[in-house]
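Q: Got a structure for you, questions after.
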2 protein chains.
Amino acid sequence: MKAELINPFLKATKNVIETMAQTKVKAGTPHIKENRSAYGEVTGIIGMSSETISGSMIVSFTDQAILKIVANMLMEPPKSKIDDEVVDAVGEITNMICGGAKAELAKINHKFDLATPTMVVGKGVEISHYSSDPTVVIPFETDNGSFVVEANLSTKTQT
Amino acid sequence: MKAELINPFLKATKNVIETMAQTKVKAGTPHIKENRSAYGEVTGIIGMSSETISGSMIVSFTDQAILKIVANMLMEPPKSKIDDEVVDAVGEITNMICGGAKAELAKINHKFDLATPTMVVGKGVEISHYSSDPTVVIPFETDNGSFVVEANLSTKTQT
């Protein structure tokens, strides 16, 4: 994936978490995914597709990071564990990040629609993208723990 | 989801597993998903989207079922555990099932494109779909264990 395809995901992530959850976010250096491991305990997965593009994006949070982010979103004290409300918030965050990236990418003529997010909860889960194109991992830090965004975007061969 | 939207997933699943893996498949009665649990140890997730539709489909296999299905696909003895080749096969099966359903649904004017499949490996993983519409679960039996297909398809509100 070219930098012009990665930056929209980076910017949208910072924007969504900082705006929705008043949580300062520091992006690390994007790199290529080398293994199947998921990063965190709660992961949102969303598909992107059009006649010319297919892709998938995941946002994977450590327990600590997402509990604080959701607390900030709801303006409540952090919950002690991942519950339905937290899982739903991860679905919403996933949708909003990918929606933000979609709007930016449309400007450079990469147009696609968003599928319905799916959320995965579990420790030591392995997640991989079924694609011959590399997956880009963008690490993020908050004051209360870290999370990653992974994106895989391929241009379909026209038939 | 109406029956006319469920049957294409049921038919495509039977067709893909029986054709690609020479494995007899018996479909059970579809029902509405009531909890967040994933069914099996290996799950393929795929997004569907267009300007009018968004959705997600998962195929979740028990260890035993997928090891035998992949063995039949590769015409080799079953592997002892889930490895990269099995995970890739789940991605391919997910793609083919959803591709089959897509072709059938296009005939009744429900048109969408497929996103890139994502594969999740782990025991006791919880998976849910971020949608206010119900998720339909279709259970399947083989001689070597069972698996499920879940589909969630929503018509977008036009703005």
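Please note that chains go A, B, ... in the order of the structure tokens, that every chain numbers its residues from 1, and that ligands are numbered from 1 in the order shown.
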Within 8 Å of chain A, which residues of chain B show up when using only C-alpha atoms, listed as a ChimeraX atom specification?

A: /B:45-51,54-56,88,91-92,112-131

Q: Show which residues sit within 12 Å of segment 26-32 of chain B, as an MDAnalysis selection string. Count only C-alpha atoms, and ignore same-chain residues fewer than 4 positions away.

A: chainID B and resid 1:3 5:7 9:15 17:18 36 133:152

Q: Could you save those same residues with N, CA, C and O atoms as a tab-separated table (two decimals), in the first residue's frame?

A:
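Output saved as result-v7.tsv:
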chain	number	residue	atom	x	y	z
B	1	MET	N	-33.84	-10.84	8.27
B	1	MET	CA	-33.56	-11.23	6.88
B	1	MET	C	-34.63	-12.19	6.36
B	1	MET	O	-34.99	-13.15	7.01
B	2	LYS	N	-35.13	-11.88	5.18
B	2	LYS	CA	-36.15	-12.73	4.57
B	2	LYS	C	-35.55	-14.03	4.05
B	2	LYS	O	-34.35	-14.11	3.74
B	3	ALA	N	-36.40	-15.06	3.90
B	3	ALA	CA	-35.94	-16.36	3.41
B	3	ALA	C	-35.24	-16.23	2.06
B	3	ALA	O	-34.25	-16.91	1.79
B	5	LEU	N	-33.34	-14.06	1.13
B	5	LEU	CA	-31.97	-13.60	1.33
B	5	LEU	C	-31.10	-14.66	2.03
B	5	LEU	O	-29.88	-14.61	1.95
B	6	ILE	N	-31.74	-15.59	2.72
B	6	ILE	CA	-30.99	-16.61	3.47
B	6	ILE	C	-30.62	-17.79	2.57
B	6	ILE	O	-29.51	-18.31	2.62
B	7	ASN	N	-31.58	-18.22	1.75
B	7	ASN	CA	-31.35	-19.40	0.92
B	7	ASN	C	-30.10	-19.32	0.03
B	7	ASN	O	-29.41	-20.33	-0.12
B	9	PHE	N	-27.24	-18.08	0.72
B	9	PHE	CA	-26.07	-18.43	1.54
B	9	PHE	C	-26.05	-19.93	1.83
B	9	PHE	O	-25.00	-20.57	1.80
B	10	LEU	N	-27.23	-20.49	2.10
B	10	LEU	CA	-27.35	-21.92	2.38
B	10	LEU	C	-26.91	-22.75	1.16
B	10	LEU	O	-26.06	-23.64	1.27
B	11	LYS	N	-27.47	-22.39	0.01
B	11	LYS	CA	-27.15	-23.13	-1.23
B	11	LYS	C	-25.68	-23.00	-1.60
B	11	LYS	O	-25.03	-23.98	-1.98
B	12	ALA	N	-25.14	-21.78	-1.49
B	12	ALA	CA	-23.74	-21.56	-1.86
B	12	ALA	C	-22.80	-22.34	-0.95
B	12	ALA	O	-21.79	-22.89	-1.40
B	13	THR	N	-23.14	-22.42	0.34
B	13	THR	CA	-22.29	-23.15	1.29
B	13	THR	C	-22.25	-24.64	0.93
B	13	THR	O	-21.17	-25.24	0.82
B	14	LYS	N	-23.43	-25.22	0.74
B	14	LYS	CA	-23.51	-26.64	0.36
B	14	LYS	C	-22.72	-26.89	-0.92
B	14	LYS	O	-21.93	-27.83	-1.03
B	15	ASN	N	-22.92	-26.00	-1.88
B	15	ASN	CA	-22.29	-26.16	-3.19
B	15	ASN	C	-20.76	-26.08	-3.10
B	15	ASN	O	-20.05	-26.92	-3.64
B	17	ILE	N	-18.71	-26.47	-0.40
B	17	ILE	CA	-18.08	-27.54	0.39
B	17	ILE	C	-18.20	-28.88	-0.34
B	17	ILE	O	-17.24	-29.67	-0.38
B	18	GLU	N	-19.36	-29.13	-0.95
B	18	GLU	CA	-19.53	-30.41	-1.64
B	18	GLU	C	-18.68	-30.49	-2.91
B	18	GLU	O	-18.16	-31.55	-3.25
B	36	ARG	N	-23.12	-13.66	21.57
B	36	ARG	CA	-21.93	-13.19	20.85
B	36	ARG	C	-20.96	-14.33	20.51
B	36	ARG	O	-19.94	-14.07	19.88
B	133	ASP	N	-30.03	-4.92	12.61
B	133	ASP	CA	-30.79	-6.03	12.02
B	133	ASP	C	-30.31	-7.36	12.59
B	133	ASP	O	-29.14	-7.50	12.92
B	134	PRO	N	-31.22	-8.34	12.71
B	134	PRO	CA	-30.81	-9.63	13.28
B	134	PRO	C	-29.83	-10.38	12.38
B	134	PRO	O	-29.82	-10.21	11.17
B	135	THR	N	-28.99	-11.19	13.01
B	135	THR	CA	-28.05	-12.05	12.29
B	135	THR	C	-28.65	-13.44	12.20
B	135	THR	O	-29.14	-13.98	13.20
B	136	VAL	N	-28.65	-14.03	11.01
B	136	VAL	CA	-29.18	-15.37	10.81
B	136	VAL	C	-28.05	-16.39	10.89
B	136	VAL	O	-26.98	-16.18	10.30
B	137	VAL	N	-28.26	-17.45	11.66
B	137	VAL	CA	-27.28	-18.53	11.80
B	137	VAL	C	-27.80	-19.75	11.03
B	137	VAL	O	-28.92	-20.18	11.25
B	138	ILE	N	-26.97	-20.29	10.13
B	138	ILE	CA	-27.34	-21.54	9.44
B	138	ILE	C	-26.36	-22.62	9.90
B	138	ILE	O	-25.16	-22.52	9.63
B	139	PRO	N	-26.87	-23.65	10.62
B	139	PRO	CA	-25.97	-24.72	11.08
B	139	PRO	C	-25.78	-25.78	9.99
B	139	PRO	O	-26.73	-26.09	9.26
B	140	PHE	N	-24.58	-26.32	9.89
B	140	PHE	CA	-24.30	-27.38	8.92
B	140	PHE	C	-23.61	-28.55	9.61
B	140	PHE	O	-22.81	-28.35	10.52
B	141	GLU	N	-23.91	-29.76	9.14
B	141	GLU	CA	-23.29	-30.98	9.66
B	141	GLU	C	-22.52	-31.68	8.55
B	141	GLU	O	-23.01	-31.78	7.41
B	142	THR	N	-21.31	-32.17	8.87
B	142	THR	CA	-20.62	-33.10	7.97
B	142	THR	C	-20.39	-34.38	8.77
B	142	THR	O	-20.63	-34.41	9.98
B	143	ASP	N	-19.88	-35.42	8.11
B	143	ASP	CA	-19.58	-36.66	8.83
B	143	ASP	C	-18.45	-36.46	9.84
B	143	ASP	O	-18.24	-37.28	10.72
B	144	ASN	N	-17.71	-35.37	9.68
B	144	ASN	CA	-16.56	-35.14	10.56
B	144	ASN	C	-16.69	-33.87	11.39
B	144	ASN	O	-15.69	-33.23	11.70
B	145	GLY	N	-17.91	-33.51	11.73
B	145	GLY	CA	-18.07	-32.33	12.59
B	145	GLY	C	-18.90	-31.27	11.91
B	145	GLY	O	-19.27	-31.39	10.74
B	146	SER	N	-19.17	-30.23	12.66
B	146	SER	CA	-20.14	-29.24	12.21
B	146	SER	C	-19.50	-27.87	12.01
B	146	SER	O	-18.38	-27.62	12.41
B	147	PHE	N	-20.23	-27.02	11.35
B	147	PHE	CA	-19.82	-25.62	11.21
B	147	PHE	C	-21.06	-24.76	11.03
B	147	PHE	O	-22.16	-25.30	10.85
B	148	VAL	N	-20.91	-23.45	11.13
B	148	VAL	CA	-22.04	-22.54	10.92
B	148	VAL	C	-21.68	-21.43	9.95
B	148	VAL	O	-20.51	-21.06	9.81
B	149	VAL	N	-22.71	-20.94	9.29
B	149	VAL	CA	-22.59	-19.72	8.50
B	149	VAL	C	-23.52	-18.70	9.14
B	149	VAL	O	-24.66	-19.04	9.50
B	150	GLU	N	-23.04	-17.49	9.35
B	150	GLU	CA	-23.89	-16.41	9.87
B	150	GLU	C	-23.92	-15.29	8.84
B	150	GLU	O	-22.88	-14.94	8.28
B	151	ALA	N	-25.10	-14.76	8.59
B	151	ALA	CA	-25.19	-13.66	7.64
B	151	ALA	C	-26.02	-12.53	8.21
B	151	ALA	O	-27.01	-12.76	8.91
B	152	ASN	N	-25.59	-11.33	7.92
B	152	ASN	CA	-26.29	-10.13	8.36
B	152	ASN	C	-26.27	-9.17	7.18
B	152	ASN	O	-25.21	-8.79	6.71

Q: Using DSSP on the backbone, list every residue of segment 11-148 of chain B that comes out as helix (DSSP H, G or I), and give them as a ChimeraX atom specification.

A: /B:11-20,63-74,84-107

Q: Within 10 Å of Glu85 of chain A, counting only C-alpha atoms, which residues show up once you throw out same-chain ones fewer than 6 positions away? Write them as a VMD selection string, please.

A: chain A and resid 70 74 79 91

Q: Could you please take those selected residues and save all heavy atoms as a CSV table (one decimal), in the first residue's frame?

A:
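So the final result, stored in out_18.csv, reads:
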chain,number,residue,atom,x,y,z
A,70,VAL,N,-13.7,4.2,26.0
A,70,VAL,CA,-15.2,4.1,26.1
A,70,VAL,C,-15.7,4.9,27.3
A,70,VAL,O,-16.7,5.6,27.2
A,70,VAL,CB,-15.7,2.6,26.2
A,70,VAL,CG1,-17.1,2.6,26.5
A,70,VAL,CG2,-15.3,1.9,24.9
A,74,LEU,N,-18.4,7.9,26.9
A,74,LEU,CA,-19.7,7.9,27.7
A,74,LEU,C,-19.7,8.9,28.8
A,74,LEU,O,-20.7,9.1,29.5
A,74,LEU,CB,-20.0,6.5,28.2
A,74,LEU,CG,-20.0,5.4,27.2
A,74,LEU,CD1,-20.2,4.0,27.9
A,74,LEU,CD2,-21.1,5.6,26.2
A,79,LYS,N,-15.3,1.0,33.0
A,79,LYS,CA,-15.8,-0.3,33.4
A,79,LYS,C,-14.7,-1.2,33.8
A,79,LYS,O,-13.6,-1.0,33.4
A,79,LYS,CB,-16.6,-0.9,32.2
A,79,LYS,CG,-17.8,-0.1,31.8
A,79,LYS,CD,-18.3,-0.6,30.4
A,79,LYS,CE,-19.4,0.2,29.9
A,79,LYS,NZ,-20.7,-0.1,30.4
A,91,GLY,N,-17.5,-1.4,17.5
A,91,GLY,CA,-18.1,-1.4,16.2
A,91,GLY,C,-18.3,0.0,15.6
A,91,GLY,O,-18.0,0.2,14.5

Q: Got a sec to tell me which of chain B DSSP assigns to strand (DSSP E or B), as JSON, numbers by chain?

A: {"B": [26, 27, 31, 32, 37, 42, 43, 44, 45, 46, 47, 48, 49, 53, 54, 55, 56, 57, 58, 59, 60, 61, 113, 114, 118, 119, 120, 121, 126, 127, 128, 129, 136, 137, 138, 139, 140, 141, 142, 145, 146, 147, 148, 149, 150, 151, 152, 153, 154, 155]}
